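A.B. asks: Dropping in data-v7.cif, with mmCIF, C-alpha atoms and all ligand atoms.
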```cif
data_final
loop_
_atom_site.label_atom_id
_atom_site.label_comp_id
_atom_site.auth_asym_id
_atom_site.auth_seq_id
_atom_site.Cartn_x
_atom_site.Cartn_y
_atom_site.Cartn_z
CA MET Y 29 133.54 98.09 109.95
CA THR Y 30 130.56 99.79 108.34
CA SER Y 31 132.48 100.16 105.05
CA SER Y 32 132.03 96.44 104.37
CA TYR Y 33 128.28 97.07 104.10
CA GLY Y 34 128.83 99.36 101.12
CA LEU Y 35 127.35 98.06 97.86
CA ARG Y 36 128.32 100.89 95.54
CA GLY Y 37 128.85 99.66 92.00
CA ARG Y 38 126.74 96.53 92.48
CA ALA Y 39 123.35 95.69 91.04
CA ALA Y 40 120.51 93.86 92.76
CA VAL Y 41 117.27 92.18 91.73
CA VAL Y 42 114.55 92.08 94.40
CA THR Y 43 111.26 90.31 93.68
CA GLY Y 44 108.04 91.43 95.37
CA ALA Y 45 109.57 94.81 96.11
CA THR Y 46 106.62 97.21 95.98
CA ARG Y 47 105.62 96.87 99.63
CA GLY Y 48 106.42 95.06 102.86
CA ILE Y 49 109.70 93.25 103.34
CA GLY Y 50 110.76 93.38 99.67
CA ARG Y 51 110.31 97.15 99.53
CA ALA Y 52 112.36 97.62 102.70
CA VAL Y 53 115.07 95.30 101.33
CA ALA Y 54 115.25 97.22 98.04
CA GLN Y 55 115.49 100.49 100.00
CA ALA Y 56 118.28 99.17 102.23
CA LEU Y 57 120.27 97.93 99.23
CA ALA Y 58 119.78 101.24 97.40
CA ASP Y 59 120.78 103.21 100.51
CA ALA Y 60 123.98 101.12 100.64
CA GLY Y 61 124.77 102.19 97.07
CA ALA Y 62 123.41 99.32 94.96
CA ARG Y 63 121.37 99.88 91.84
CA VAL Y 64 118.10 98.01 92.17
CA CYS Y 65 115.82 96.22 89.74
CA VAL Y 66 112.43 95.38 91.27
CA SER Y 67 109.40 93.34 90.31
CA ALA Y 68 105.79 92.71 91.39
CA ARG Y 69 102.47 92.11 89.61
CA ASP Y 70 100.91 95.58 89.94
CA ALA Y 71 102.48 97.68 87.16
CA ASP Y 72 101.65 101.07 88.74
CA GLU Y 73 103.21 100.03 92.02
CA VAL Y 74 106.30 98.71 90.24
CA GLY Y 75 106.72 102.02 88.42
CA ARG Y 76 106.30 103.98 91.65
CA ALA Y 77 108.75 101.83 93.63
CA ALA Y 78 111.37 101.88 90.87
CA ALA Y 79 111.15 105.67 90.61
CA GLU Y 80 111.40 106.17 94.38
CA LEU Y 81 114.39 103.84 94.54
CA GLY Y 82 116.11 105.41 91.54
CA GLY Y 83 116.10 102.00 89.90
CA VAL Y 84 114.20 100.03 87.29
CA GLY Y 85 111.27 97.64 87.47
CA LEU Y 86 109.37 94.94 85.63
CA ALA Y 87 105.70 94.14 86.19
CA GLY Y 88 104.68 90.50 86.25
CA SER Y 89 104.39 87.41 88.37
CA VAL Y 90 107.53 85.48 89.16
CA ALA Y 91 105.42 82.46 88.15
CA ASP Y 92 105.09 83.72 84.56
CA PRO Y 93 107.29 81.48 82.38
CA GLY Y 94 109.26 84.35 80.85
CA HIS Y 95 109.51 86.56 83.95
CA PRO Y 96 112.76 85.33 85.53
CA GLU Y 97 114.70 85.67 82.30
CA ALA Y 98 113.15 89.05 81.52
CA LEU Y 99 113.90 90.36 85.01
CA ALA Y 100 117.53 89.25 84.98
CA GLY Y 101 117.83 90.60 81.43
CA LEU Y 102 116.49 94.00 82.47
CA CYS Y 103 118.99 94.26 85.30
CA LEU Y 104 121.90 93.32 83.01
CA ARG Y 105 120.76 95.66 80.25
CA GLU Y 106 120.29 98.65 82.56
CA PHE Y 107 123.18 98.14 84.97
CA GLY Y 108 125.55 95.81 83.11
CA ARG Y 109 125.72 93.36 86.02
CA LEU Y 110 123.69 91.31 88.52
CA ASP Y 111 125.50 90.84 91.82
CA ILE Y 112 122.67 90.35 94.31
CA LEU Y 113 119.43 88.40 93.93
CA VAL Y 114 116.77 88.55 96.65
CA ASN Y 115 113.96 86.04 96.13
CA ASN Y 116 111.26 87.63 98.25
CA ALA Y 117 107.92 87.32 96.38
CA ALA Y 118 105.72 84.56 97.80
CA THR Y 119 102.17 83.39 98.33
CA ASN Y 120 100.60 81.98 101.52
CA GLN Y 121 97.80 80.26 99.58
CA PRO Y 122 96.20 77.71 99.63
CA TYR Y 123 95.39 78.32 103.32
CA GLY Y 124 93.56 75.59 105.23
CA PRO Y 125 93.66 71.84 105.82
CA LEU Y 126 95.76 70.05 103.23
CA MET Y 127 92.91 67.62 102.52
CA ASP Y 128 91.00 70.56 101.04
CA ALA Y 129 93.93 72.03 99.08
CA ASP Y 130 93.11 72.75 95.45
CA PRO Y 131 95.82 71.11 93.29
CA ALA Y 132 96.08 74.12 90.97
CA VAL Y 133 96.57 76.55 93.88
CA TRP Y 134 99.07 74.15 95.46
CA ARG Y 135 101.06 74.04 92.21
CA GLU Y 136 100.97 77.83 91.96
CA ALA Y 137 102.38 78.07 95.50
CA PHE Y 138 105.31 75.86 94.57
CA THR Y 139 105.85 77.74 91.31
CA VAL Y 140 105.99 81.09 93.12
CA ASN Y 141 107.73 80.03 96.33
CA VAL Y 142 110.21 77.41 95.08
CA GLU Y 143 110.50 77.17 91.29
CA ALA Y 144 110.77 80.91 90.64
CA PRO Y 145 113.68 81.37 93.10
CA LEU Y 146 115.48 78.49 91.36
CA ARG Y 147 114.79 79.87 87.88
CA LEU Y 148 115.93 83.35 88.86
CA THR Y 149 119.10 81.90 90.37
CA GLN Y 150 119.71 79.97 87.15
CA CYS Y 151 119.30 83.16 85.11
CA ALA Y 152 121.61 85.13 87.40
CA TRP Y 153 124.18 82.31 87.38
CA HIS Y 154 124.28 81.80 83.64
CA THR Y 155 124.28 85.47 82.70
CA TRP Y 156 126.57 86.95 85.37
CA MET Y 157 127.29 85.24 88.66
CA ARG Y 158 129.09 82.10 87.43
CA LYS Y 159 131.82 84.27 85.94
CA HIS Y 160 131.78 87.34 88.18
CA GLY Y 161 130.45 86.06 91.51
CA GLY Y 162 127.43 87.16 93.46
CA THR Y 163 125.06 86.39 96.27
CA VAL Y 164 121.53 85.01 96.50
CA ILE Y 165 119.23 85.51 99.48
CA ASN Y 166 115.95 83.64 99.74
CA ILE Y 167 113.25 84.91 102.09
CA CYS Y 168 111.89 81.86 103.90
CA THR Y 169 109.96 81.91 107.19
CA GLU Y 170 110.51 81.09 110.83
CA GLY Y 171 107.62 78.65 110.40
CA ALA Y 172 109.39 76.52 107.79
CA THR Y 173 110.81 74.18 110.42
CA HIS Y 174 107.58 73.37 112.25
CA VAL Y 175 103.95 72.65 111.48
CA GLY Y 176 100.83 74.71 112.15
CA PRO Y 177 97.12 74.78 111.42
CA GLY Y 178 96.18 76.04 107.96
CA VAL Y 179 99.72 76.74 106.80
CA GLY Y 180 100.56 73.32 105.36
CA ALA Y 181 101.10 74.42 101.78
CA TYR Y 182 103.01 77.57 102.75
CA GLY Y 183 105.18 75.72 105.27
CA THR Y 184 105.91 72.84 102.91
CA SER Y 185 106.93 75.17 100.09
CA LYS Y 186 109.09 77.29 102.40
CA ALA Y 187 110.74 74.15 103.80
CA ALA Y 188 111.54 73.25 100.20
CA LEU Y 189 112.99 76.73 99.68
CA LEU Y 190 115.14 76.26 102.77
CA HIS Y 191 116.47 72.99 101.34
CA LEU Y 192 116.96 74.59 97.93
CA THR Y 193 119.02 77.32 99.60
CA ARG Y 194 121.38 74.81 101.17
CA GLN Y 195 121.64 72.69 98.03
CA LEU Y 196 122.44 75.72 95.85
CA ALA Y 197 124.97 76.97 98.40
CA GLY Y 198 126.86 73.72 98.03
CA GLU Y 199 126.61 73.71 94.25
CA LEU Y 200 127.43 77.35 93.50
CA GLY Y 201 130.41 78.11 95.73
CA PRO Y 202 132.93 79.61 95.70
CA ALA Y 203 131.62 82.07 93.11
CA VAL Y 204 128.20 82.53 94.65
CA ARG Y 205 127.00 82.58 98.24
CA VAL Y 206 123.41 81.41 98.83
CA ASN Y 207 121.68 82.06 102.15
CA SER Y 208 118.20 82.56 103.52
CA VAL Y 209 116.56 84.88 106.00
CA SER Y 210 113.62 83.52 107.98
CA PRO Y 211 111.38 86.21 109.44
CA GLY Y 212 108.95 85.77 112.28
CA LEU Y 213 105.73 87.78 112.30
CA VAL Y 214 106.31 91.08 110.46
CA ARG Y 215 103.93 94.02 110.05
CA THR Y 216 103.02 93.62 106.34
CA GLU Y 217 99.91 93.08 104.25
CA MET Y 218 100.57 89.36 103.87
CA ALA Y 219 100.51 88.86 107.63
CA ARG Y 220 97.87 91.46 108.51
CA PHE Y 221 95.34 88.74 109.26
CA VAL Y 222 97.65 87.51 112.02
CA TRP Y 223 98.93 90.68 113.70
CA GLU Y 224 95.98 93.03 113.34
CA PRO Y 225 93.54 91.13 115.55
CA GLY Y 226 95.96 90.64 118.44
CA GLU Y 227 99.24 92.50 118.13
CA ASP Y 228 99.61 93.37 121.82
CA GLU Y 229 98.98 89.82 122.90
CA ILE Y 230 101.37 88.37 120.33
CA ALA Y 231 104.07 90.93 121.13
CA SER Y 232 103.89 90.31 124.86
CA GLY Y 233 104.62 86.62 124.26
CA LEU Y 234 107.83 87.35 122.37
CA PRO Y 235 111.19 87.69 124.16
CA LEU Y 236 111.90 90.96 122.31
CA GLY Y 237 108.44 92.31 123.10
CA ARG Y 238 107.23 93.37 119.66
CA ILE Y 239 106.37 92.05 116.24
CA GLY Y 240 108.82 92.69 113.42
CA GLU Y 241 108.98 95.64 111.05
CA PRO Y 242 110.07 95.18 107.40
CA GLU Y 243 113.28 97.08 108.18
CA ASP Y 244 114.27 94.46 110.78
CA VAL Y 245 114.41 91.89 107.98
CA ALA Y 246 115.99 94.30 105.50
CA ARG Y 247 118.97 94.92 107.79
CA ALA Y 248 119.65 91.18 107.93
CA VAL Y 249 119.41 90.85 104.15
CA LEU Y 250 121.74 93.83 103.66
CA TRP Y 251 124.31 92.26 105.95
CA LEU Y 252 124.15 88.90 104.17
CA ALA Y 253 124.43 90.64 100.79
CA SER Y 254 127.49 92.59 101.88
CA ASP Y 255 131.14 91.59 102.07
CA ALA Y 256 130.77 91.47 105.86
CA ALA Y 257 129.22 88.02 105.26
CA GLN Y 258 131.83 86.89 102.73
CA TRP Y 259 132.50 83.54 104.47
CA ILE Y 260 128.84 82.67 105.02
CA THR Y 261 126.91 80.41 102.67
CA GLY Y 262 124.16 77.83 103.19
CA ALA Y 263 123.01 79.62 106.34
CA ASP Y 264 119.52 80.48 107.46
CA LEU Y 265 119.34 83.67 109.53
CA LEU Y 266 116.35 83.75 111.87
CA VAL Y 267 114.97 87.26 112.31
CA ASP Y 268 112.05 86.51 114.57
CA GLY Y 269 112.24 88.58 117.76
CA GLY Y 270 112.81 85.36 119.69
CA THR Y 271 109.76 83.48 118.39
CA GLN Y 272 111.57 80.15 118.36
CA VAL Y 273 112.84 80.53 121.91
CA ARG Y 274 109.65 81.94 123.43
CA ALA Y 275 108.88 78.66 125.22
CA ALA Y 276 111.61 79.59 127.73
CA ARG Y 277 110.00 82.92 128.51
CA VAL Y 278 108.80 83.30 132.08
CA ALA Y 279 105.29 84.76 132.14
CA ARG Y 280 105.24 88.21 133.73
CA PRO Y 281 102.29 89.45 135.74
CA GLY Y 282 99.82 91.09 133.36
CA ALA Y 283 101.42 89.59 130.22
CA ARG Y 284 98.71 88.02 128.10
CA GLY Y 285 100.71 86.05 125.54
CA THR Y 286 101.20 82.35 126.13
CA ALA Y 287 104.63 80.98 125.47
CA ARG Y 288 103.87 78.00 123.30
CA GLU Y 289 101.08 79.08 121.02
CA SER Y 290 102.28 80.01 117.55
CA PRO Y 291 101.32 83.54 116.43
CA THR Y 292 100.15 82.10 113.12
CA ALA Y 293 97.76 79.75 114.90
CA ARG Y 294 95.49 82.58 115.95
CA ALA Y 295 93.85 83.90 112.85
CA ARG Y 296 92.86 83.09 109.31
CA PRO Y 297 93.69 85.03 106.15
CA PRO Y 298 90.89 86.74 104.25
CA ALA Y 299 89.19 84.36 101.81
N1 LIG Y 301 105.08 89.23 106.88
C1 LIG Y 301 105.44 88.19 107.61
O1 LIG Y 301 105.07 88.05 108.79
C2 LIG Y 301 106.36 87.15 107.01
C3 LIG Y 301 106.84 86.16 107.86
C4 LIG Y 301 107.68 85.19 107.34
C5 LIG Y 301 108.07 85.23 106.02
N2 LIG Y 301 107.58 86.22 105.20
C6 LIG Y 301 108.02 86.23 103.82
O2 LIG Y 301 108.47 87.51 103.46
C7 LIG Y 301 108.30 87.72 102.05
C8 LIG Y 301 107.59 89.01 101.79
O3 LIG Y 301 106.33 88.98 102.42
P1 LIG Y 301 105.57 90.30 102.89
O4 LIG Y 301 104.96 89.97 104.16
O5 LIG Y 301 106.43 91.48 102.76
O6 LIG Y 301 104.39 90.34 101.79
P2 LIG Y 301 103.53 91.56 101.21
O7 LIG Y 301 103.56 92.72 102.11
O8 LIG Y 301 102.22 90.97 100.83
O9 LIG Y 301 104.33 91.96 99.88
C9 LIG Y 301 104.48 91.01 98.87
C10 LIG Y 301 105.19 91.64 97.69
O10 LIG Y 301 105.38 90.62 96.70
C11 LIG Y 301 104.66 90.96 95.50
N3 LIG Y 301 104.18 89.70 94.94
C12 LIG Y 301 103.26 88.86 95.47
N4 LIG Y 301 103.09 87.81 94.67
C13 LIG Y 301 103.95 87.97 93.62
C14 LIG Y 301 104.23 87.22 92.46
N5 LIG Y 301 103.61 86.06 92.19
N6 LIG Y 301 105.17 87.69 91.60
C15 LIG Y 301 105.81 88.85 91.83
N7 LIG Y 301 105.57 89.60 92.93
C16 LIG Y 301 104.64 89.17 93.79
C17 LIG Y 301 103.59 91.96 95.95
O11 LIG Y 301 103.15 92.85 94.93
P3 LIG Y 301 101.96 92.42 93.91
O12 LIG Y 301 100.81 91.99 94.76
O13 LIG Y 301 101.69 93.66 93.10
O14 LIG Y 301 102.49 91.31 93.07
C18 LIG Y 301 104.38 92.72 97.01
O15 LIG Y 301 105.28 93.63 96.39
C19 LIG Y 301 107.57 86.47 101.55
O16 LIG Y 301 108.51 85.56 101.03
C20 LIG Y 301 106.94 85.90 102.81
O17 LIG Y 301 106.70 84.52 102.70
C21 LIG Y 301 106.73 87.17 105.67
#
```
Output the file's structure in the form of structure tokens.

C.D. replies:
Amino acid sequence: MTSSYGLRGRAAVVTGATRGIGRAVAQALADAGARVCVSARDADEVGRAAAELGGVGLAGSVADPGHPEALAGLCLREFGRLDILVNNAATNQPYGPLMDADPAVWREAFTVNVEAPLRLTQCAWHTWMRKHGGTVINICTEGATHVGPGVGAYGTSKAALLHLTRQLAGELGPAVRVNSVSPGLVRTEMARFVWEPGEDEIASGLPLGRIGEPEDVARAVLWLASDAAQWITGADLLVDGGTQVRAARVARPGARGTARESPTARARPPA
């Protein structure tokens, strides 16, 4: 059974792979035998991650007009193929009421969170996947299907990414499978403003009793990328420790978390 998780001989692009979920995903793919091509904005961090993973990297924002093509080109040049694309890089800005949202920051959010995944998929499709097959995994969020204070831009863009995932899955089969993974609250820099002030309280309100670690998400991405998921496309895999079913949780004596309050409703990101 475990042999179907093997990715030896395949090549993967992972955006936003210098820390957090993207870094754990790149590590899991490399550990399964894939050659990895990573990107992020900080050039030093990209160099360090690529070296540690035994892969290659490209510094830049996925929102830069030439970045998707350059990233796909690097993977093809170095490894001769591009079998797996993980669209992980994202922004949670602009944070706050939508009536105060700066149009330029709003546009940037949609460029990073929605347009870049599409452009990278186009590059992968035209240069490799249309002819040879492949798989695309978009990192969405558990929060994409409901609303919350302050996260209007993030949620709207991730809901669009969820829709994009399903649309592409229909358009690109049978050569290419397109799926998404939707994490709940995970211990990363992006979400530090949520978990750091109240981790115990948040964890006690979750059916599985803890917040997520990047590796929890990486295992789901690895499975979707592997042949074990060969008949799965257009799916969204929730990896949320039970966040979406926490309303059914019976409060235990001493437990401080309330069942209905969203973890993301409790804190604000740094300005
Ligand atoms: N953490 C959570 O609780 C949570 C929950 C649900 C969904 N997610 C999703 O999971 C994904 C990863 O988030 P994370 O929590 O792991 O974030 P993170 O720890 O902040 O890491 C983000 C990574 O993306 C890179 N990055 C950011 N903006 C980029 C850009 N414009 N172009 C290229 N790279 C960029 C960062 O490096 P540089 O800063 O050097 O660019 C870093 O490598 C995102 O799609 C996020 O929406 C996270």

A.B. asks: Do a neighbour search on segment 162-171 of chain Y at 8 Å with only C-alpha atoms, toss out local chain neighbours closer than 6 positions, and write the hits as a PyMOL selection string.

C.D. replies: chain Y and resi 110-116+145+149+183+186-187+189-190+193+203-212+249+252-253+266-268+271-272

A.B. asks: Within 8 Å of ligand LIG 301 (chain Y), counting all atoms listed in the file: which residues, as an mmCIF file with C-alpha atoms, in the coordinates of the input?

C.D. replies:
```cif
data_model
loop_
_atom_site.group_PDB
_atom_site.id
_atom_site.type_symbol
_atom_site.label_atom_id
_atom_site.label_comp_id
_atom_site.auth_asym_id
_atom_site.auth_seq_id
_atom_site.Cartn_x
_atom_site.Cartn_y
_atom_site.Cartn_z
ATOM 1 C CA THR Y 43 111.260 90.310 93.680
ATOM 2 C CA GLY Y 44 108.040 91.430 95.370
ATOM 3 C CA ALA Y 45 109.570 94.810 96.110
ATOM 4 C CA THR Y 46 106.620 97.210 95.980
ATOM 5 C CA ARG Y 47 105.620 96.870 99.630
ATOM 6 C CA GLY Y 48 106.420 95.060 102.860
ATOM 7 C CA ILE Y 49 109.700 93.250 103.340
ATOM 8 C CA GLY Y 50 110.760 93.380 99.670
ATOM 9 C CA ARG Y 51 110.310 97.150 99.530
ATOM 10 C CA SER Y 67 109.400 93.340 90.310
ATOM 11 C CA ALA Y 68 105.790 92.710 91.390
ATOM 12 C CA ARG Y 69 102.470 92.110 89.610
ATOM 13 C CA ASP Y 70 100.910 95.580 89.940
ATOM 14 C CA ALA Y 71 102.480 97.680 87.160
ATOM 15 C CA GLU Y 73 103.210 100.030 92.020
ATOM 16 C CA VAL Y 74 106.300 98.710 90.240
ATOM 17 C CA ALA Y 87 105.700 94.140 86.190
ATOM 18 C CA GLY Y 88 104.680 90.500 86.250
ATOM 19 C CA SER Y 89 104.390 87.410 88.370
ATOM 20 C CA VAL Y 90 107.530 85.480 89.160
ATOM 21 C CA ALA Y 91 105.420 82.460 88.150
ATOM 22 C CA ASN Y 115 113.960 86.040 96.130
ATOM 23 C CA ASN Y 116 111.260 87.630 98.250
ATOM 24 C CA ALA Y 117 107.920 87.320 96.380
ATOM 25 C CA ALA Y 118 105.720 84.560 97.800
ATOM 26 C CA THR Y 119 102.170 83.390 98.330
ATOM 27 C CA ASN Y 120 100.600 81.980 101.520
ATOM 28 C CA VAL Y 140 105.990 81.090 93.120
ATOM 29 C CA ASN Y 141 107.730 80.030 96.330
ATOM 30 C CA ASN Y 166 115.950 83.640 99.740
ATOM 31 C CA ILE Y 167 113.250 84.910 102.090
ATOM 32 C CA CYS Y 168 111.890 81.860 103.900
ATOM 33 C CA THR Y 169 109.960 81.910 107.190
ATOM 34 C CA GLU Y 170 110.510 81.090 110.830
ATOM 35 C CA GLY Y 171 107.620 78.650 110.400
ATOM 36 C CA TYR Y 182 103.010 77.570 102.750
ATOM 37 C CA LYS Y 186 109.090 77.290 102.400
ATOM 38 C CA SER Y 210 113.620 83.520 107.980
ATOM 39 C CA PRO Y 211 111.380 86.210 109.440
ATOM 40 C CA GLY Y 212 108.950 85.770 112.280
ATOM 41 C CA LEU Y 213 105.730 87.780 112.300
ATOM 42 C CA VAL Y 214 106.310 91.080 110.460
ATOM 43 C CA ARG Y 215 103.930 94.020 110.050
ATOM 44 C CA THR Y 216 103.020 93.620 106.340
ATOM 45 C CA GLU Y 217 99.910 93.080 104.250
ATOM 46 C CA MET Y 218 100.570 89.360 103.870
ATOM 47 C CA ALA Y 219 100.510 88.860 107.630
ATOM 48 C CA ARG Y 220 97.870 91.460 108.510
ATOM 49 C CA GLY Y 240 108.820 92.690 113.420
ATOM 50 C CA PRO Y 242 110.070 95.180 107.400
#
```

A.B. asks: Quick one: residues within 8 Å of Gln121 of chain Y, all atoms listed in the file counted, chain neighbours fewer than 4 positions away excluded, as a list in words?

C.D. replies: Val133, Trp134, Ala137, Ala181 and Tyr182 of chain Y

A.B. asks: Name all residues at most 9 Å from Arg247 of chain Y (count all atoms listed in the file; drop same-chain ones fewer than 6 positions away) and give them as a ChimeraX atom specification.

C.D. replies: /Y:52-53,56

A.B. asks: Enter the distance from atom CA of Gly34 of chain Y to atom CA of Ser254 of chain Y, in Å, rounded to one decimal.

C.D. replies: 6.9 Å

A.B. asks: What is the distance between atom CA of Ala58 of chain Y and atom CA of Leu81 of chain Y, in Å to one decimal?

C.D. replies: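 Taking atom CA of Ala58 of chain Y and atom CA of Leu81 of chain Y, their separation equals 6.6 Å.
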
A.B. asks: Rank nothing, just name the residue among Y:Val179, Y:Cys65, Y:Ala129, Y:Gly201 nearest to Arg105 of chain Y, using all atoms listed in the file.

C.D. replies: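 For Arg105 of chain Y, the nearest of the given residues is Y:Cys65.
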
A.B. asks: Atom CA of Arg109 of chain Y and atom CA of Met157 of chain Y, how far apart in Å?

C.D. replies: 8.7 Å

A.B. asks: Within 12 Å of (114.0, 105.7, 88.4) in the file's own coordinates, which protein, DNA or RNA residues have an atom, counting only C-alpha atoms? List them as a list in words.

C.D. replies: Ala58, Arg63, Val64, Cys65, Val66, Val74, Gly75, Arg76, Ala77, Ala78, Ala79, Glu80, Leu81, Gly82, Gly83, Val84, Gly85 and Glu106 of chain Y

A.B. asks: Show me a table, sorted first by chain and then by increasing residue number, of the residues of segment 103-196 of chain Y having an atom at most 9 Å from segment 94-99 of chain Y, each with its shortest atom pair and the distance in Å to one decimal, counting only C-alpha atoms and written as JSON lines.

C.D. replies:
```
{"residue": "Y:Cys103", "atom": "CA", "partner": "Y:Leu99", "partner_atom": "CA", "distance": 6.4}
{"residue": "Y:Leu104", "atom": "CA", "partner": "Y:Leu99", "partner_atom": "CA", "distance": 8.8}
{"residue": "Y:Ala144", "atom": "CA", "partner": "Y:Pro96", "partner_atom": "CA", "distance": 7.0}
{"residue": "Y:Pro145", "atom": "CA", "partner": "Y:Pro96", "partner_atom": "CA", "distance": 8.6}
{"residue": "Y:Arg147", "atom": "CA", "partner": "Y:Pro96", "partner_atom": "CA", "distance": 6.3}
{"residue": "Y:Leu148", "atom": "CA", "partner": "Y:Pro96", "partner_atom": "CA", "distance": 5.0}
{"residue": "Y:Thr149", "atom": "CA", "partner": "Y:Pro96", "partner_atom": "CA", "distance": 8.7}
{"residue": "Y:Gln150", "atom": "CA", "partner": "Y:Pro96", "partner_atom": "CA", "distance": 8.9}
{"residue": "Y:Cys151", "atom": "CA", "partner": "Y:Glu97", "partner_atom": "CA", "distance": 5.9}
{"residue": "Y:Ala152", "atom": "CA", "partner": "Y:Glu97", "partner_atom": "CA", "distance": 8.6}
```

A.B. asks: Set the distance at 7 Å and use only C-alpha atoms: which residues neighbour Leu234 of chain Y once local chain neighbours fewer than 6 positions away are removed? I'd like the list as a count of residues only.

C.D. replies: 4

A.B. asks: I'd like to know which of Y:Gly178, Y:Gly226, Y:His154, Y:Ser185 is closest to Leu200 of chain Y, using all atoms listed in the file.

C.D. replies: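 Ranking Y:Gly178, Y:Gly226, Y:His154, Y:Ser185 by distance to Leu200 of chain Y, first place goes to Y:His154.
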